[in-house]
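Shown here: upload.cif, mmCIF, C-alpha atoms and all ligand atoms.
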```cif
data_upload
#
loop_
_atom_site.label_atom_id
_atom_site.label_comp_id
_atom_site.auth_asym_id
_atom_site.auth_seq_id
_atom_site.Cartn_x
_atom_site.Cartn_y
_atom_site.Cartn_z
CA MET A 1144 77.13 187.30 65.58
CA SER A 1145 77.93 188.79 62.21
CA GLU A 1146 77.88 192.38 61.12
CA ASN A 1147 76.17 193.15 57.84
CA PRO A 1148 77.63 190.38 55.67
CA HIS A 1149 77.59 192.57 52.58
CA ILE A 1150 79.98 195.28 53.80
CA CYS A 1151 83.68 195.05 52.94
CA ARG A 1152 85.57 194.63 56.22
CA SER A 1153 88.54 196.55 54.83
CA CYS A 1154 87.04 199.65 53.17
CA GLY A 1155 83.35 199.61 54.15
CA SER A 1156 82.04 199.40 50.57
CA ASP A 1157 78.64 197.74 50.14
CA ALA A 1158 79.21 196.85 46.48
CA LEU A 1159 80.63 193.35 47.06
CA LYS A 1160 80.41 191.03 44.04
CA PRO A 1161 79.90 187.25 44.28
CA ILE A 1162 82.73 185.00 43.04
CA ILE A 1163 81.49 181.57 44.08
CA SER A 1164 79.17 180.00 46.63
CA LEU A 1165 80.39 176.80 48.26
CA GLY A 1166 76.98 176.32 49.89
CA ASP A 1167 76.06 176.09 53.55
CA GLN A 1168 78.93 174.34 55.26
CA PRO A 1169 79.72 173.08 58.76
CA LEU A 1170 82.91 174.41 60.39
CA ALA A 1171 85.74 172.52 58.70
CA ASN A 1172 87.52 171.62 61.94
CA ALA A 1173 84.41 170.60 63.87
CA LEU A 1174 84.91 166.81 63.79
CA ARG A 1175 81.93 164.84 65.06
CA THR A 1176 81.71 161.98 67.52
CA GLU A 1177 79.44 158.95 67.28
CA LYS A 1178 76.92 160.50 69.66
CA ASP A 1179 76.82 163.82 67.74
CA LEU A 1180 75.75 162.09 64.54
CA PRO A 1181 71.96 162.09 65.00
CA ILE A 1182 72.03 165.84 65.86
CA PRO A 1183 71.98 168.09 62.78
CA GLN A 1184 75.26 169.97 62.50
CA LYS A 1185 75.23 173.77 62.45
CA LYS A 1186 76.04 175.16 59.00
CA TYR A 1187 76.96 178.60 57.76
CA PRO A 1188 77.02 180.06 54.24
CA LEU A 1189 80.45 179.88 52.59
CA GLU A 1190 80.31 182.63 49.96
CA LEU A 1191 83.40 184.17 48.40
CA VAL A 1192 83.05 187.79 47.27
CA PHE A 1193 85.22 190.50 45.70
CA CYS A 1194 85.29 194.18 46.67
CA PRO A 1195 85.64 196.29 43.50
CA ASN A 1196 86.60 199.28 45.62
CA CYS A 1197 89.68 197.92 47.45
CA SER A 1198 90.12 194.56 45.60
CA LEU A 1199 89.89 192.46 48.78
CA VAL A 1200 88.54 188.92 48.37
CA GLN A 1201 86.65 187.77 51.45
CA ILE A 1202 83.86 185.52 52.69
CA THR A 1203 80.61 187.09 53.81
CA GLU A 1204 79.93 185.16 57.01
CA THR A 1205 81.71 185.99 60.28
CA VAL A 1206 81.42 183.03 62.61
CA ASN A 1207 81.85 183.75 66.31
CA PRO A 1208 85.58 183.21 67.06
CA GLU A 1209 84.76 181.29 70.23
CA GLU A 1210 83.01 178.67 68.13
CA LEU A 1211 85.81 178.58 65.60
CA PHE A 1212 88.77 178.25 67.89
CA SER A 1213 87.31 176.26 70.78
CA GLU A 1214 89.61 173.34 70.00
CA TYR A 1215 92.57 175.25 68.71
CA LEU A 1216 95.51 173.18 69.83
CA TYR A 1217 98.04 173.69 67.10
CA PHE A 1218 101.63 173.82 68.32
CA SER A 1219 103.82 175.26 65.59
CA SER A 1220 107.00 173.68 66.95
CA TYR A 1221 105.70 170.28 65.91
CA SER A 1222 106.39 171.06 62.25
CA ASP A 1223 109.97 170.87 60.95
CA THR A 1224 109.13 172.90 57.87
CA MET A 1225 107.74 175.74 59.98
CA LEU A 1226 110.82 175.73 62.21
CA ARG A 1227 113.19 176.01 59.27
CA HIS A 1228 111.05 178.83 57.87
CA ALA A 1229 111.10 180.63 61.24
CA GLN A 1230 114.85 180.32 61.63
CA SER A 1231 115.66 181.77 58.23
CA LEU A 1232 113.11 184.57 58.63
CA SER A 1233 114.57 185.64 61.98
CA ALA A 1234 118.11 185.65 60.54
CA ARG A 1235 117.05 187.78 57.59
CA ILE A 1236 115.14 190.31 59.68
CA THR A 1237 117.94 190.61 62.24
CA GLU A 1238 120.40 191.40 59.50
CA LYS A 1239 118.17 193.63 57.39
CA TYR A 1240 117.13 195.86 60.30
CA HIS A 1241 120.40 195.69 62.30
CA LEU A 1242 118.64 194.38 65.42
CA SER A 1243 120.58 194.40 68.70
CA ASN A 1244 120.04 193.92 72.44
CA ASP A 1245 118.41 197.40 72.43
CA SER A 1246 115.68 196.29 70.03
CA LEU A 1247 112.32 194.74 70.79
CA VAL A 1248 110.68 192.14 68.53
CA ILE A 1249 106.97 191.64 69.19
CA GLU A 1250 105.00 188.81 67.62
CA ILE A 1251 101.21 188.73 67.37
CA ALA A 1252 99.76 185.21 67.72
CA SER A 1253 103.18 183.99 68.80
CA ASN A 1254 102.00 180.45 69.52
CA ASP A 1255 104.58 178.51 71.57
CA GLY A 1256 107.40 180.92 70.71
CA TYR A 1257 108.60 178.84 67.75
CA LEU A 1258 109.67 182.00 65.87
CA LEU A 1259 110.69 184.32 68.72
CA GLN A 1260 113.06 181.70 70.15
CA TYR A 1261 115.47 182.34 67.27
CA PHE A 1262 115.60 186.09 67.95
CA LYS A 1263 116.12 185.33 71.63
CA LYS A 1264 119.04 183.03 70.82
CA GLY A 1265 120.56 185.98 68.97
CA GLY A 1266 120.35 188.10 72.15
CA ILE A 1267 117.42 190.24 70.94
CA PRO A 1268 114.64 191.03 73.45
CA VAL A 1269 111.28 189.54 72.45
CA LEU A 1270 107.63 189.66 73.50
CA GLY A 1271 104.91 187.30 72.35
CA ILE A 1272 101.16 187.90 72.37
CA ASP A 1273 98.80 184.93 72.19
CA PRO A 1274 95.25 184.29 73.45
CA ALA A 1275 95.58 180.55 74.20
CA LYS A 1276 96.45 179.95 77.88
CA ASN A 1277 97.87 176.45 77.40
CA ILE A 1278 100.12 177.62 74.57
CA VAL A 1279 101.30 180.73 76.48
CA LYS A 1280 102.32 178.44 79.35
CA VAL A 1281 104.52 176.39 77.02
CA ALA A 1282 106.11 179.57 75.61
CA GLU A 1283 106.84 180.96 79.09
CA GLU A 1284 108.42 177.65 80.10
CA LYS A 1285 110.75 178.01 77.13
CA GLY A 1286 111.72 181.48 78.36
CA ILE A 1287 109.71 183.47 75.82
CA PRO A 1288 107.86 186.29 77.65
CA THR A 1289 104.29 186.13 76.35
CA LYS A 1290 101.23 188.22 77.09
CA CYS A 1291 98.07 186.12 77.17
CA ALA A 1292 95.58 188.24 75.22
CA PHE A 1293 93.80 188.68 71.92
CA PHE A 1294 95.62 191.33 69.96
CA ASN A 1295 93.41 194.37 69.45
CA LEU A 1296 93.40 198.10 70.04
CA GLU A 1297 93.09 197.71 73.80
CA THR A 1298 96.01 195.26 74.08
CA ALA A 1299 98.14 197.57 71.92
CA ARG A 1300 97.36 200.56 74.17
CA GLU A 1301 98.12 198.58 77.32
CA LEU A 1302 101.53 197.55 76.02
CA ARG A 1303 102.35 201.03 74.80
CA ASN A 1304 101.47 202.40 78.24
CA GLU A 1305 103.92 199.89 79.72
CA GLY A 1306 106.58 201.36 77.42
CA LYS A 1307 106.58 198.36 75.09
CA THR A 1308 106.61 199.21 71.39
CA GLY A 1309 108.20 197.17 68.63
CA ASP A 1310 111.15 197.84 66.38
CA ILE A 1311 109.83 194.78 64.60
CA LEU A 1312 106.23 193.60 64.74
CA LEU A 1313 105.51 190.14 63.35
CA GLY A 1314 102.20 188.64 62.26
CA LEU A 1315 102.40 185.33 60.41
CA ASN A 1316 99.07 183.98 59.22
CA VAL A 1317 97.00 186.27 61.42
CA LEU A 1318 95.61 188.76 58.90
CA ALA A 1319 93.29 186.18 57.34
CA HIS A 1320 91.40 185.56 60.57
CA LEU A 1321 90.34 188.99 61.85
CA ALA A 1322 86.69 189.96 62.11
CA ASP A 1323 87.73 193.46 63.26
CA LEU A 1324 90.31 194.19 60.61
CA SER A 1325 90.42 197.96 61.19
CA GLY A 1326 90.82 197.60 64.96
CA PHE A 1327 93.71 195.22 64.41
CA ILE A 1328 95.55 197.53 61.99
CA GLU A 1329 95.04 200.51 64.34
CA GLY A 1330 96.57 198.36 67.10
CA VAL A 1331 99.57 197.66 64.87
CA LYS A 1332 99.99 201.38 64.34
CA ILE A 1333 100.02 202.03 68.07
CA LEU A 1334 102.47 199.25 68.84
CA LEU A 1335 104.92 199.98 66.02
CA LYS A 1336 107.80 202.35 66.80
CA GLU A 1337 108.16 205.51 64.74
CA ASN A 1338 110.91 203.91 62.65
CA GLY A 1339 109.79 200.32 63.17
CA THR A 1340 108.77 197.74 60.59
CA ALA A 1341 105.86 195.31 60.73
CA VAL A 1342 106.19 192.03 58.82
CA PHE A 1343 103.12 190.06 57.79
CA GLU A 1344 102.68 186.81 55.92
CA VAL A 1345 99.40 185.79 54.32
CA PRO A 1346 98.35 183.03 51.91
CA TYR A 1347 98.47 184.58 48.43
CA VAL A 1348 95.14 184.73 46.59
CA ARG A 1349 96.89 184.51 43.25
CA ASP A 1350 98.36 181.11 44.12
CA MET A 1351 94.98 179.90 45.33
CA ILE A 1352 93.40 180.89 42.04
CA THR A 1353 96.02 179.68 39.57
CA ARG A 1354 96.04 176.28 41.29
CA ASN A 1355 92.25 175.99 41.74
CA GLU A 1356 92.75 175.65 45.51
CA PHE A 1357 89.14 176.44 46.43
CA ASP A 1358 89.36 173.96 49.30
CA THR A 1359 91.54 176.41 51.24
CA ILE A 1360 88.36 178.47 51.65
CA TYR A 1361 86.75 177.88 55.02
CA HIS A 1362 85.08 179.94 57.74
CA GLU A 1363 88.29 180.55 59.68
CA HIS A 1364 89.78 182.29 56.64
CA LEU A 1365 87.89 185.54 56.21
CA TYR A 1366 90.31 187.08 53.66
CA TYR A 1367 92.29 186.01 50.57
CA TYR A 1368 94.85 188.75 49.96
CA SER A 1369 96.54 190.21 46.93
CA LEU A 1370 99.27 192.82 47.23
CA ILE A 1371 96.84 195.40 45.81
CA SER A 1372 94.24 194.72 48.50
CA LEU A 1373 96.84 194.68 51.28
CA ARG A 1374 98.27 197.99 50.13
CA ASN A 1375 94.79 199.56 50.18
CA LEU A 1376 94.14 198.16 53.64
CA PHE A 1377 97.29 199.66 55.17
CA LYS A 1378 96.93 202.93 53.26
CA ASN A 1379 93.53 203.50 54.89
CA HIS A 1380 95.39 203.59 58.21
CA ASN A 1381 98.27 205.76 57.05
CA LEU A 1382 100.65 202.81 56.95
CA GLU A 1383 102.64 201.84 53.90
CA ILE A 1384 103.96 198.62 52.39
CA VAL A 1385 107.60 199.33 51.56
CA ASP A 1386 108.67 195.88 50.37
CA ALA A 1387 107.04 192.57 49.41
CA GLU A 1388 108.03 189.09 48.33
CA GLN A 1389 106.48 185.73 47.56
CA VAL A 1390 107.33 182.85 49.90
CA PRO A 1391 106.68 179.15 49.26
CA VAL A 1392 104.93 178.27 52.55
CA HIS A 1393 101.30 177.21 53.08
CA GLY A 1394 100.77 176.57 49.36
CA GLY A 1395 102.10 180.01 48.37
CA SER A 1396 102.28 183.10 50.59
CA LEU A 1397 102.93 186.79 50.35
CA ARG A 1398 105.25 188.56 52.81
CA VAL A 1399 104.96 192.34 53.22
CA PHE A 1400 107.05 194.88 55.15
CA VAL A 1401 105.03 197.79 56.52
CA GLN A 1402 106.07 201.15 58.00
CA HIS A 1403 104.44 204.36 59.15
CA HIS A 1404 103.75 206.52 56.13
CA LYS A 1405 106.44 209.10 55.45
CA ALA A 1406 107.06 211.24 52.40
CA SER A 1407 110.68 210.02 52.35
CA ILE A 1408 109.83 206.33 51.88
CA HIS A 1409 110.85 204.67 48.62
CA PRO A 1410 109.08 201.40 47.86
CA SER A 1411 111.44 198.58 46.78
CA THR A 1412 111.82 197.63 43.12
CA ARG A 1413 110.49 194.12 43.71
CA LEU A 1414 107.39 195.59 45.37
CA GLU A 1415 106.80 197.77 42.33
CA SER A 1416 107.25 194.89 39.92
CA LEU A 1417 104.99 192.54 41.90
CA LEU A 1418 102.30 195.22 41.92
CA ALA A 1419 102.68 195.83 38.20
CA GLU A 1420 102.31 192.08 37.60
CA GLU A 1421 99.11 191.98 39.65
CA TYR A 1422 97.55 194.78 37.63
CA GLU A 1423 98.60 193.08 34.43
CA VAL A 1424 97.00 189.77 35.43
CA GLY A 1425 93.90 191.63 36.61
CA LEU A 1426 93.80 191.02 40.36
CA ASP A 1427 91.94 194.31 40.71
CA LYS A 1428 89.18 193.10 38.35
CA LEU A 1429 86.10 191.00 39.05
CA ARG A 1430 86.60 189.13 35.77
CA TYR A 1431 89.75 187.39 37.08
CA TYR A 1432 87.86 185.96 40.04
CA GLU A 1433 84.72 185.04 38.09
CA GLU A 1434 86.83 182.80 35.90
CA PHE A 1435 88.05 181.00 39.02
CA GLY A 1436 84.41 180.51 40.07
CA ARG A 1437 83.65 178.88 36.71
CA GLU A 1438 86.74 176.65 36.86
CA VAL A 1439 85.73 175.36 40.27
CA THR A 1440 82.18 174.60 39.08
CA HIS A 1441 83.63 172.55 36.20
CA LEU A 1442 86.00 170.74 38.53
CA LYS A 1443 83.05 169.73 40.70
CA ALA A 1444 81.11 168.39 37.70
CA ASP A 1445 84.14 166.42 36.39
CA THR A 1446 84.83 164.92 39.80
CA LEU A 1447 81.25 163.83 40.43
CA THR A 1448 81.06 162.26 36.94
CA LEU A 1449 84.21 160.25 37.60
CA LEU A 1450 83.05 159.05 41.02
CA ALA A 1451 79.58 158.09 39.71
CA GLU A 1452 81.19 156.12 36.90
CA LEU A 1453 83.50 154.24 39.30
CA LYS A 1454 80.62 153.45 41.65
CA SER A 1455 78.48 152.19 38.74
CA ARG A 1456 81.27 149.71 37.99
CA GLY A 1457 81.14 148.52 41.60
CA LYS A 1458 84.51 150.02 42.60
CA THR A 1459 85.29 150.80 46.24
CA ILE A 1460 86.51 154.30 47.09
CA VAL A 1461 88.03 155.54 50.33
CA ALA A 1462 89.79 158.80 51.19
CA TYR A 1463 93.04 159.70 52.90
CA GLY A 1464 93.78 162.65 55.25
CA ALA A 1465 90.98 164.24 57.31
CA ALA A 1466 92.25 167.81 56.88
CA ALA A 1467 90.06 170.94 57.02
CA LYS A 1468 90.40 171.35 53.25
CA GLY A 1469 88.86 167.90 52.80
CA SER A 1470 85.79 169.10 54.65
CA THR A 1471 85.31 172.08 52.32
CA LEU A 1472 85.83 169.93 49.24
CA LEU A 1473 83.55 167.02 50.18
CA ASN A 1474 80.79 169.28 51.52
CA TYR A 1475 80.82 171.47 48.41
CA TYR A 1476 80.74 168.40 46.17
CA GLY A 1477 78.01 166.81 48.33
CA ILE A 1478 80.06 163.62 48.75
CA THR A 1479 79.03 161.42 51.70
CA LYS A 1480 79.59 157.92 53.03
CA GLU A 1481 77.43 156.60 50.17
CA THR A 1482 80.45 157.21 47.92
CA ILE A 1483 83.46 157.19 50.24
CA ASP A 1484 83.57 154.37 52.79
CA TYR A 1485 86.01 155.97 55.24
CA ILE A 1486 88.94 158.36 55.60
CA GLY A 1487 92.30 157.01 56.75
CA ASP A 1488 94.25 159.43 58.96
CA ARG A 1489 97.33 158.98 61.15
CA SER A 1490 96.17 161.26 63.96
CA PRO A 1491 94.81 159.27 66.93
CA TYR A 1492 92.85 162.41 67.88
CA LYS A 1493 90.85 162.19 64.65
CA GLN A 1494 90.37 158.42 64.51
CA GLY A 1495 86.94 157.28 65.70
CA LYS A 1496 85.41 160.64 64.72
CA TYR A 1497 83.55 161.74 61.59
CA LEU A 1498 84.33 164.41 59.00
CA PRO A 1499 81.94 167.39 59.41
CA GLY A 1500 78.78 167.29 57.30
CA THR A 1501 79.58 164.00 55.55
CA GLN A 1502 79.06 161.23 58.15
CA ILE A 1503 82.26 159.65 56.78
CA PRO A 1504 84.15 157.83 59.59
CA ILE A 1505 87.85 158.56 60.19
CA VAL A 1506 89.90 155.43 60.83
CA SER A 1507 93.50 154.30 61.18
CA PRO A 1508 95.33 154.01 57.83
CA ASP A 1509 95.86 150.31 58.70
CA THR A 1510 92.27 149.81 57.54
CA ILE A 1511 93.43 150.41 53.96
CA ALA A 1512 95.64 147.32 53.97
CA GLU A 1513 92.81 145.29 55.51
CA THR A 1514 90.02 146.38 53.13
CA LYS A 1515 92.06 146.78 49.90
CA PRO A 1516 89.96 149.55 48.27
CA ASP A 1517 90.16 150.11 44.47
CA TYR A 1518 90.62 153.90 44.74
CA ILE A 1519 92.07 156.27 47.34
CA PHE A 1520 90.92 159.87 47.12
CA ILE A 1521 93.75 162.03 48.48
CA LEU A 1522 92.23 165.03 50.27
CA PRO A 1523 95.50 166.82 51.30
CA TRP A 1524 96.59 166.81 47.63
CA ASN A 1525 99.42 169.22 48.56
CA LEU A 1526 101.10 166.24 50.31
CA LYS A 1527 100.30 163.74 47.55
CA ASP A 1528 103.89 162.62 46.88
CA GLU A 1529 104.50 161.84 50.52
CA ILE A 1530 101.14 160.08 50.87
CA MET A 1531 101.53 157.99 47.70
CA ASP A 1532 104.91 156.92 49.00
CA GLN A 1533 103.41 155.84 52.35
CA LEU A 1534 100.62 153.95 50.60
CA LYS A 1535 102.59 152.39 47.76
CA TYR A 1536 101.56 148.92 48.98
CA ILE A 1537 98.13 149.49 47.35
CA LYS A 1538 99.80 148.64 44.01
CA GLY A 1539 99.89 145.08 45.40
CA TRP A 1540 96.16 144.73 44.67
CA GLY A 1541 96.05 147.15 41.72
CA GLY A 1542 94.80 150.17 43.72
CA HIS A 1543 94.73 153.70 42.26
CA TYR A 1544 94.85 157.25 43.58
CA ILE A 1545 92.43 160.07 42.83
CA ILE A 1546 93.97 163.55 43.05
CA PRO A 1547 91.25 166.24 43.21
CA ILE A 1548 93.20 169.47 42.58
CA PRO A 1549 94.18 171.41 40.43
CA ARG A 1550 92.47 168.96 37.99
CA ILE A 1551 90.81 165.67 38.75
CA GLN A 1552 93.37 162.99 38.01
CA VAL A 1553 93.61 159.22 38.44
CA ILE A 1554 97.05 157.71 39.01
ZN ZN A 1601 86.75 196.94 50.13
#
```
Kindly present the structure from the file in structure tokens form.
Ligand SMILES: [Zn+2]
Amino acid sequence: MSENPHICRSCGSDALKPIISLGDQPLANALRTEKDLPIPQKKYPLELVFCPNCSLVQITETVNPEELFSEYLYFSSYSDTMLRHAQSLSARITEKYHLSNDSLVIEIASNDGYLLQYFKKGGIPVLGIDPAKNIVKVAEEKGIPTKCAFFNLETARELRNEGKTGDILLGLNVLAHLADLSGFIEGVKILLKENGTAVFEVPYVRDMITRNEFDTIYHEHLYYYSLISLRNLFKNHNLEIVDAEQVPVHGGSLRVFVQHHKASIHPSTRLESLLAEEYEVGLDKLRYYEEFGREVTHLKADTLTLLAELKSRGKTIVAYGAAAKGSTLLNYYGITKETIDYIGDRSPYKQGKYLPGTQIPIVSPDTIAETKPDYIFILPWNLKDEIMDQLKYIKGWGGHYIIPIPRIQVI
């Protein structure tokens, strides 16, 4: 199932250095049903490591993608924030690269066509690639031509043979998930026109670290990129990052523009300054990441002390939001239903199930008003303002919130 877990998937180095171990963890999205409960849940090591050779931060374990994505039903178009992001990105790219009805924009993992639809509206030919049959069907119904396939070397060759290569190649939030990183980048090279540009967005490791967001680490995310590590990755395949910028989506992301290597290319000033900043902060050094490991260990200790103290005073604690990050956090902290009575969540799909590894039941948020708990532990802390607004009625009985990240905080 996994290749040697101690080889860097980007450069092949075997000198990987440990940053932090979050223990053996179940898959964060594998919610359990009542009848699953007596059966022990499969767990995999969740170990974050740093490659001193190419600076890529990654986890060691590669879980079989079929196990990971068996219930992957995410439709991007459901999120207003994502749609606004997609619309402005398509406008910027169209203008920057003078796209016309002679161009072709190809998106890898195109989902339901939520991004390509904006190019199409502008009269620019598009092609999506996505492995999920049900999602491809929705895209096709919306008039977005979509090839149903995993993107790899073979798919890239097939398309090239059909005469389809991209002036623009898009990959938003795909680079973090690839077991065969080299095969993917080679595929990009094949599918990208001589003078084309590939645009990738990835969650930015620097944001994860400065905000202590260790709960964004789970088995589906194999990589945590810096600009330095991305540049090394593309360089190994004779591709070059020519421009980069930070974007405020998914808790802080990095967007890079990649072209075939040519002697004539001049990297942008903002790329140069972002790189210089990374070297200054030390994103190419193990020390930077080790400090993060220590911070997270302290955060765990502080949180468990607080919860033990509240329980010893007979306080009731529940949680809100059964997101994947909540699974990483609670499993790493070893928090179970002994401490947290239940998790309120608005999704009917999740209600009646249990958070992986914890045996904590997921219920309708209405239960909060009925049971009047003393403390509500907010797992999707990134949405805390919105959630505290929804739950403001807990002030009626003197309820409090616990915010776990970046520091443990009671409000
Ligand atoms: Zn490496």
Considering only C-alpha atoms and all ligand atoms, tabulate each residue of chain A that lies at most 9 Å from ligand ZN 1601 (chain A) along with its nearest interatomic pair and the corresponding distance in Å to one decimal; arrange the rows by chain and ascending residue number and present them as a tab-separated table.
```
residue	atom	partner	partner_atom	distance
A:Ile1150	CA	A:ZN1601	ZN	7.9
A:Cys1151	CA	A:ZN1601	ZN	4.6
A:Arg1152	CA	A:ZN1601	ZN	6.6
A:Ser1153	CA	A:ZN1601	ZN	5.0
A:Cys1154	CA	A:ZN1601	ZN	4.1
A:Gly1155	CA	A:ZN1601	ZN	5.9
A:Ser1156	CA	A:ZN1601	ZN	5.3
A:Asp1157	CA	A:ZN1601	ZN	8.1
A:Ala1158	CA	A:ZN1601	ZN	8.4
A:Leu1159	CA	A:ZN1601	ZN	7.7
A:Phe1193	CA	A:ZN1601	ZN	8.0
A:Cys1194	CA	A:ZN1601	ZN	4.7
A:Pro1195	CA	A:ZN1601	ZN	6.8
A:Asn1196	CA	A:ZN1601	ZN	5.1
A:Cys1197	CA	A:ZN1601	ZN	4.1
A:Ser1198	CA	A:ZN1601	ZN	6.1
A:Leu1199	CA	A:ZN1601	ZN	5.6
A:Val1200	CA	A:ZN1601	ZN	8.4
A:Ser1372	CA	A:ZN1601	ZN	8.0
A:Asn1375	CA	A:ZN1601	ZN	8.5
A:Leu1376	CA	A:ZN1601	ZN	8.3
```
Nearest residue to Ile1384 of chain A from the set A:Ile1505, A:Val1348, A:Ala1466, A:Val1342 (distances using only C-alpha atoms):
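Once distances to Ile1384 of chain A are computed over only C-alpha atoms, the minimum belongs to A:Val1342.
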Which distance in Å separates atom CA of Lys1428 of chain A and atom CA of Ala1467 of chain A, to one decimal?
29.0 Å
Separation of atom CA of Arg1227 of chain A and atom CA of Ala1319 of chain A, in Å?
22.4 Å
For a test of reading the model, state the distance in Å between atom CA of Gln1230 of chain A and atom CA of Asn1244 of chain A, rounded to one decimal.
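Distance between the two atoms: 18.1 Å.
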Given all atoms listed in the file as the counted atoms, nearest of A:Ala1406, A:Ile1272, A:Ile1503, A:Leu1165 to Leu1191 of chain A:
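Ranking A:Ala1406, A:Ile1272, A:Ile1503, A:Leu1165 by distance to Leu1191 of chain A, first place goes to A:Leu1165.
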Distance criterion (all atoms listed in the file): nearest to Ala1171 of chain A out of A:Tyr1361, A:Tyr1497, A:Tyr1257, A:Tyr1518:
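Of all the options, A:Tyr1361 lies closest to Ala1171 of chain A.
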Export segment 1526-1545 of chain A from the structure block above, keeping N, CA and C atoms, as a PDB file, in the first residue's frame.
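So selection_9.pdb came out as:
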```
ATOM      1  N   LEU A1526     -14.045  29.053  11.880  1.00  0.00           N
ATOM      2  CA  LEU A1526     -15.388  29.630  11.687  1.00  0.00           C
ATOM      3  C   LEU A1526     -15.974  30.106  13.016  1.00  0.00           C
ATOM      4  N   LYS A1527     -15.099  30.393  13.989  1.00  0.00           N
ATOM      5  CA  LYS A1527     -15.596  30.622  15.350  1.00  0.00           C
ATOM      6  C   LYS A1527     -16.561  31.809  15.461  1.00  0.00           C
ATOM      7  N   ASP A1528     -16.318  32.877  14.705  1.00  0.00           N
ATOM      8  CA  ASP A1528     -17.190  34.054  14.815  1.00  0.00           C
ATOM      9  C   ASP A1528     -18.613  33.707  14.382  1.00  0.00           C
ATOM     10  N   GLU A1529     -18.680  33.029  13.245  1.00  0.00           N
ATOM     11  CA  GLU A1529     -19.970  32.611  12.706  1.00  0.00           C
ATOM     12  C   GLU A1529     -20.683  31.663  13.692  1.00  0.00           C
ATOM     13  N   ILE A1530     -19.927  30.724  14.238  1.00  0.00           N
ATOM     14  CA  ILE A1530     -20.519  29.725  15.135  1.00  0.00           C
ATOM     15  C   ILE A1530     -20.971  30.362  16.449  1.00  0.00           C
ATOM     16  N   MET A1531     -20.155  31.263  16.998  1.00  0.00           N
ATOM     17  CA  MET A1531     -20.540  31.916  18.255  1.00  0.00           C
ATOM     18  C   MET A1531     -21.786  32.779  18.056  1.00  0.00           C
ATOM     19  N   ASP A1532     -21.924  33.301  16.834  1.00  0.00           N
ATOM     20  CA  ASP A1532     -23.113  34.089  16.541  1.00  0.00           C
ATOM     21  C   ASP A1532     -24.358  33.187  16.492  1.00  0.00           C
ATOM     22  N   GLN A1533     -24.201  32.019  15.855  1.00  0.00           N
ATOM     23  CA  GLN A1533     -25.327  31.066  15.778  1.00  0.00           C
ATOM     24  C   GLN A1533     -25.741  30.564  17.162  1.00  0.00           C
ATOM     25  N   LEU A1534     -24.741  30.434  18.053  1.00  0.00           N
ATOM     26  CA  LEU A1534     -25.003  29.810  19.350  1.00  0.00           C
ATOM     27  C   LEU A1534     -25.119  30.828  20.484  1.00  0.00           C
ATOM     28  N   LYS A1535     -25.356  32.089  20.146  1.00  0.00           N
ATOM     29  CA  LYS A1535     -25.278  33.108  21.207  1.00  0.00           C
ATOM     30  C   LYS A1535     -26.310  32.891  22.309  1.00  0.00           C
ATOM     31  N   TYR A1536     -27.332  32.082  22.034  1.00  0.00           N
ATOM     32  CA  TYR A1536     -28.342  31.784  23.065  1.00  0.00           C
ATOM     33  C   TYR A1536     -27.761  31.053  24.285  1.00  0.00           C
ATOM     34  N   ILE A1537     -26.536  30.504  24.165  1.00  0.00           N
ATOM     35  CA  ILE A1537     -25.962  29.783  25.326  1.00  0.00           C
ATOM     36  C   ILE A1537     -25.640  30.753  26.470  1.00  0.00           C
ATOM     37  N   LYS A1538     -25.546  32.056  26.136  1.00  0.00           N
ATOM     38  CA  LYS A1538     -25.313  33.061  27.194  1.00  0.00           C
ATOM     39  C   LYS A1538     -26.497  33.058  28.170  1.00  0.00           C
ATOM     40  N   GLY A1539     -27.670  32.645  27.679  1.00  0.00           N
ATOM     41  CA  GLY A1539     -28.884  32.585  28.494  1.00  0.00           C
ATOM     42  C   GLY A1539     -28.704  31.736  29.754  1.00  0.00           C
ATOM     43  N   TRP A1540     -27.864  30.701  29.679  1.00  0.00           N
ATOM     44  CA  TRP A1540     -27.625  29.900  30.890  1.00  0.00           C
ATOM     45  C   TRP A1540     -26.152  30.008  31.332  1.00  0.00           C
ATOM     46  N   GLY A1541     -25.467  31.043  30.859  1.00  0.00           N
ATOM     47  CA  GLY A1541     -24.090  31.281  31.304  1.00  0.00           C
ATOM     48  C   GLY A1541     -23.061  30.347  30.659  1.00  0.00           C
ATOM     49  N   GLY A1542     -23.381  29.852  29.444  1.00  0.00           N
ATOM     50  CA  GLY A1542     -22.445  28.957  28.744  1.00  0.00           C
ATOM     51  C   GLY A1542     -21.214  29.677  28.215  1.00  0.00           C
ATOM     52  N   HIS A1543     -20.125  28.926  28.025  1.00  0.00           N
ATOM     53  CA  HIS A1543     -18.869  29.483  27.504  1.00  0.00           C
ATOM     54  C   HIS A1543     -18.393  28.701  26.289  1.00  0.00           C
ATOM     55  N   TYR A1544     -17.471  29.335  25.545  1.00  0.00           N
ATOM     56  CA  TYR A1544     -16.847  28.652  24.412  1.00  0.00           C
ATOM     57  C   TYR A1544     -15.398  28.311  24.741  1.00  0.00           C
ATOM     58  N   ILE A1545     -14.936  27.204  24.193  1.00  0.00           N
ATOM     59  CA  ILE A1545     -13.508  26.878  24.256  1.00  0.00           C
ATOM     60  C   ILE A1545     -12.991  26.903  22.821  1.00  0.00           C
TER      61      ILE A1545
END
```
